[in-house]
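Below is one structure, written out as structure tokens; comments come after it.
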Amino acid sequence: MTAGDVPLQPKKKGLTRRQKRRLSRGAQYVVFVAAVIAFAVSADWGRLKNQFAQGDIARQMFPDVITLALKNTVLYTVSGFALGVLLGLVVALMRLSPVGPYRWVAGVYIEIFRGLPALLIFIFIGVAVPLAFPGTEIVGGTYGKAALGLGLIGAAYIAETFRAGIQAVPKGQTEAARSLGFSPTRALFSIVVPQAFRIVLPPLTNEFIMLFKDSSLVLLLGVTLQERELSKYGRDLASTTANSTPILVAGLCYLLVTVPLGFVVRRLEAKTQEAAG
């Protein structure tokens, strides 16, 4: 090196992208842990326990909370879901129909029942229907009204799910069925719809979970003591005992059903992605 040469300074090395990601993740963990500690320290656990975790009140709820309230909730949901699937499939086929009026009716139905709050739909069934049709009784009493309300709500969402599933089936399946002599209707219900069912099974399970929670609105129909679902049962006992423990127990009963179903949804989605891949 000559006298006029300037010695090269070594370049300063910054953090790599991976190191920055690790640093950012570590900072997020620190913030999360700090928030949890702050919540745990600031909460008055004694008052919460007295209001929401009285063991003697919780024990009094059994077995009725399972044999009566949870059973009714499941019955309402299953019957409403079954009606929603049947009606949803019909509406989806109408939405895909080449006949214009069918498409318009299906579109109006979907927009109305997806846009209205579920609460208003139950009020309509419980109040407006008897006023519009005096002397008319919905088959099944409260159970029939609950199935109708949940079915109308679920069908609007299920119809769009079915429509997407039917359109996801390759057209070659229909063409192959037609080449074998199948009529259009037989090809639809024998080839296309069964494949669509497999495609839409995960979102259908999500719809079941949604209806399971919406079943709490059945109380608007005026249920008897033997027709109470989880929310109504928990609220009645909370008023009687002047304690919120029954509401917490009712919430745990909801989770008893929704958490396993959520796991099933994730498994079905994973299998669907594996099959697609």
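So you can find residues: chains in the structure tokens are A, B, ... in the order shown, residues in each start at 1, and ligands are numbered from 1 in order.
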List as a ChimeraX atom specification the protein and nucleic acid residues near Ala242 in chain A, meaning an atom at most 10 Å away when only C-alpha atoms are counted, but skip any in the same chain fewer than 5 places from it. /A:51,236-237
Restricted to N, CA, C and O atoms, what would the selected residues look like written as a JSON list (two decimals), in the first residue's frame?
```json
[["chain", "number", "residue", "atom", "x", "y", "z"],
["A", 51, "GLN", "N", -68.77, -14.30, 42.48],
["A", 51, "GLN", "CA", -69.87, -14.02, 41.55],
["A", 51, "GLN", "C", -70.05, -15.08, 40.49],
["A", 51, "GLN", "O", -71.16, -15.33, 40.02],
["A", 236, "ASP", "N", -82.28, -17.91, 34.06],
["A", 236, "ASP", "CA", -83.31, -18.11, 35.09],
["A", 236, "ASP", "C", -82.68, -18.43, 36.44],
["A", 236, "ASP", "O", -83.08, -17.87, 37.47],
["A", 237, "LEU", "N", -81.69, -19.34, 36.44],
["A", 237, "LEU", "CA", -81.05, -19.70, 37.70],
["A", 237, "LEU", "C", -80.21, -18.54, 38.25],
["A", 237, "LEU", "O", -80.10, -18.37, 39.46]]
```
Residue neighbourhood range 184-188 of chain A, 10 Å, only C-alpha atoms, exclusion window fewer than 4 positions, as a CSV table (one decimal) with C-alpha atoms, in the first residue's frame:
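Full text of part-v1.csv as output:
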```csv
chain,number,residue,atom,x,y,z
A,93,LEU,CA,-79.9,-24.8,-7.2
A,166,ILE,CA,-71.2,-27.1,-6.8
A,173,GLN,CA,-67.6,-34.7,-14.1
A,174,THR,CA,-71.0,-33.6,-15.6
A,175,GLU,CA,-69.8,-34.1,-19.1
A,176,ALA,CA,-68.6,-37.7,-18.3
A,177,ALA,CA,-71.9,-38.5,-16.7
A,178,ARG,CA,-73.9,-37.2,-19.7
A,180,LEU,CA,-72.7,-42.3,-20.0
A,192,VAL,CA,-72.2,-33.2,-8.7
A,193,VAL,CA,-74.1,-32.8,-5.4
A,194,PRO,CA,-72.3,-35.7,-3.6
A,195,GLN,CA,-68.9,-34.2,-4.6
```
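Our summary of the geometry notes that CA of Ser190 in chain A is positioned 24.7 Å from CA of Gly151 in chain A.
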Nearest residue to Leu252 in chain A from the set A:Gly234, A:Glu207, A:Leu219, A:Ser79 (distances using only C-alpha atoms): A:Gly234
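Distance annotation: of A:Ser179, A:Gln167, A:Ser215, A:Ser24, the residue with the minimal separation from Val78 in chain A is A:Ser215; atom set is only C-alpha atoms.
Distance-wise, CA of Phe162 in chain A and CA of Val91 in chain A end up 9.0 Å apart.
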Extract, using only C-alpha atoms, all DNA, RNA and protein residues at most 7 Å from Ala147 in chain A, discarding same-chain residues fewer than 2 positions from it, and format them as an MDAnalysis selection string. chainID A and resid 76 79:80 143:145 149:151
With all heavy atoms retained, could you export that selection as a PDB file, in the first residue's frame?
```
ATOM      1  N   TYR A  76     -82.824 -28.248  19.162  1.00  0.00           N
ATOM      2  CA  TYR A  76     -83.127 -27.059  18.368  1.00  0.00           C
ATOM      3  C   TYR A  76     -82.140 -26.910  17.216  1.00  0.00           C
ATOM      4  O   TYR A  76     -82.514 -26.621  16.074  1.00  0.00           O
ATOM      5  CB  TYR A  76     -83.081 -25.804  19.246  1.00  0.00           C
ATOM      6  CG  TYR A  76     -84.148 -25.735  20.310  1.00  0.00           C
ATOM      7  CD1 TYR A  76     -83.877 -25.160  21.549  1.00  0.00           C
ATOM      8  CD2 TYR A  76     -85.422 -26.229  20.078  1.00  0.00           C
ATOM      9  CE1 TYR A  76     -84.857 -25.075  22.533  1.00  0.00           C
ATOM     10  CE2 TYR A  76     -86.401 -26.150  21.058  1.00  0.00           C
ATOM     11  CZ  TYR A  76     -86.104 -25.578  22.288  1.00  0.00           C
ATOM     12  OH  TYR A  76     -87.074 -25.500  23.251  1.00  0.00           O
ATOM     13  N   SER A  79     -82.373 -29.871  14.433  1.00  0.00           N
ATOM     14  CA  SER A  79     -83.558 -29.739  13.589  1.00  0.00           C
ATOM     15  C   SER A  79     -83.449 -28.512  12.684  1.00  0.00           C
ATOM     16  O   SER A  79     -83.795 -28.569  11.498  1.00  0.00           O
ATOM     17  CB  SER A  79     -84.817 -29.654  14.455  1.00  0.00           C
ATOM     18  OG  SER A  79     -84.732 -28.568  15.371  1.00  0.00           O
ATOM     19  N   GLY A  80     -82.957 -27.393  13.222  1.00  0.00           N
ATOM     20  CA  GLY A  80     -82.781 -26.202  12.399  1.00  0.00           C
ATOM     21  C   GLY A  80     -81.729 -26.399  11.321  1.00  0.00           C
ATOM     22  O   GLY A  80     -81.891 -25.930  10.190  1.00  0.00           O
ATOM     23  N   TYR A 143     -90.532 -26.334  19.413  1.00  0.00           N
ATOM     24  CA  TYR A 143     -89.459 -27.015  18.688  1.00  0.00           C
ATOM     25  C   TYR A 143     -89.580 -26.761  17.186  1.00  0.00           C
ATOM     26  O   TYR A 143     -88.582 -26.556  16.494  1.00  0.00           O
ATOM     27  CB  TYR A 143     -89.490 -28.514  18.982  1.00  0.00           C
ATOM     28  CG  TYR A 143     -89.124 -28.858  20.402  1.00  0.00           C
ATOM     29  CD1 TYR A 143     -90.107 -29.057  21.365  1.00  0.00           C
ATOM     30  CD2 TYR A 143     -87.789 -28.972  20.791  1.00  0.00           C
ATOM     31  CE1 TYR A 143     -89.778 -29.359  22.677  1.00  0.00           C
ATOM     32  CE2 TYR A 143     -87.451 -29.270  22.106  1.00  0.00           C
ATOM     33  CZ  TYR A 143     -88.449 -29.465  23.042  1.00  0.00           C
ATOM     34  OH  TYR A 143     -88.109 -29.756  24.350  1.00  0.00           O
ATOM     35  N   GLY A 144     -90.818 -26.767  16.673  1.00  0.00           N
ATOM     36  CA  GLY A 144     -91.013 -26.482  15.261  1.00  0.00           C
ATOM     37  C   GLY A 144     -90.677 -25.039  14.913  1.00  0.00           C
ATOM     38  O   GLY A 144     -90.066 -24.765  13.873  1.00  0.00           O
ATOM     39  N   LYS A 145     -91.073 -24.103  15.779  1.00  0.00           N
ATOM     40  CA  LYS A 145     -90.746 -22.692  15.545  1.00  0.00           C
ATOM     41  C   LYS A 145     -89.236 -22.470  15.590  1.00  0.00           C
ATOM     42  O   LYS A 145     -88.678 -21.719  14.777  1.00  0.00           O
ATOM     43  CB  LYS A 145     -91.429 -21.816  16.590  1.00  0.00           C
ATOM     44  CG  LYS A 145     -92.947 -21.798  16.507  1.00  0.00           C
ATOM     45  CD  LYS A 145     -93.528 -20.961  17.638  1.00  0.00           C
ATOM     46  CE  LYS A 145     -95.048 -20.985  17.622  1.00  0.00           C
ATOM     47  NZ  LYS A 145     -95.625 -20.223  18.749  1.00  0.00           N
ATOM     48  N   GLY A 149     -87.014 -21.070  12.548  1.00  0.00           N
ATOM     49  CA  GLY A 149     -86.188 -19.877  12.659  1.00  0.00           C
ATOM     50  C   GLY A 149     -84.725 -20.146  12.343  1.00  0.00           C
ATOM     51  O   GLY A 149     -84.107 -19.440  11.530  1.00  0.00           O
ATOM     52  N   LEU A 150     -84.174 -21.189  12.952  1.00  0.00           N
ATOM     53  CA  LEU A 150     -82.769 -21.512  12.710  1.00  0.00           C
ATOM     54  C   LEU A 150     -82.557 -21.983  11.276  1.00  0.00           C
ATOM     55  O   LEU A 150     -81.512 -21.700  10.666  1.00  0.00           O
ATOM     56  CB  LEU A 150     -82.310 -22.592  13.695  1.00  0.00           C
ATOM     57  CG  LEU A 150     -82.237 -22.167  15.164  1.00  0.00           C
ATOM     58  CD1 LEU A 150     -81.945 -23.373  16.063  1.00  0.00           C
ATOM     59  CD2 LEU A 150     -81.174 -21.098  15.379  1.00  0.00           C
ATOM     60  N   GLY A 151     -83.547 -22.701  10.737  1.00  0.00           N
ATOM     61  CA  GLY A 151     -83.432 -23.167   9.359  1.00  0.00           C
ATOM     62  C   GLY A 151     -83.425 -22.021   8.367  1.00  0.00           C
ATOM     63  O   GLY A 151     -82.634 -22.015   7.416  1.00  0.00           O
TER      64      GLY A 151
END
```
So that I can check the secondary structure, give me every residue of range 9-240 of chain A assigned helix (DSSP H, G or I) by backbone DSSP, as a VMD selection string. chain A and resid 17 to 42 45 to 52 55 to 60 64 to 95 100 to 115 118 to 132 141 to 168 171 to 179 184 to 221 225 to 227 230 to 240
Could you name the residues that touch Ile209 in chain A at 8 Å or less, counting only C-alpha atoms, but leaving out those on the same chain fewer than 3 positions away, as a PyMOL selection string? chain A and resi 205-206+212-213+258+261
CA of Tyr233 in chain A sits from CA of Tyr157 in chain A at a separation of 28.3 Å
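Considering only C-alpha atoms, the residue among A:Val36, A:Glu229, A:Ala58, A:Leu148 positioned nearest to Ala82 in chain A is A:Leu148.
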Nearest to Gln226 in chain A among A:Ile191, A:Val249, A:Ala69, A:Ala155, with distances taken over only C-alpha atoms: which residue is it? A:Ala69
Contacts of Ser97 in chain A at 12 Å or less, counting only C-alpha atoms, minus same-chain residues fewer than 5 places along, as a list in words? Val90, Val91, Ala92, Tyr102, Arg103, Trp104, Val105, Ala106, Gly107, Arg163 and Thr185 of chain A
Do you know which residues are at most 8 Å from Thr161 in chain A counting only C-alpha atoms, after dropping those on the same chain fewer than 4 positions away, and could you put them as number ranges by chain? A: 157, 165, 200, 203-204
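Using only C-alpha atoms for every distance, the candidate list A:Gly88, A:Ile66, A:Ala156, A:Phe133 yields A:Ala156 as the residue closest to Glu111 in chain A.
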Would you mind listing what lies within 8 Å of Pro202 in chain A as a PyMOL selection string, with only C-alpha atoms counted and same-chain residues fewer than 6 positions away left out? chain A and resi 265-266+268-269
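For the choices A:Ala118, A:Ile123, A:Ile158, A:Val264, the atom-to-atom distance to Leu87 in chain A is smallest for A:Ile158 when using only C-alpha atoms.
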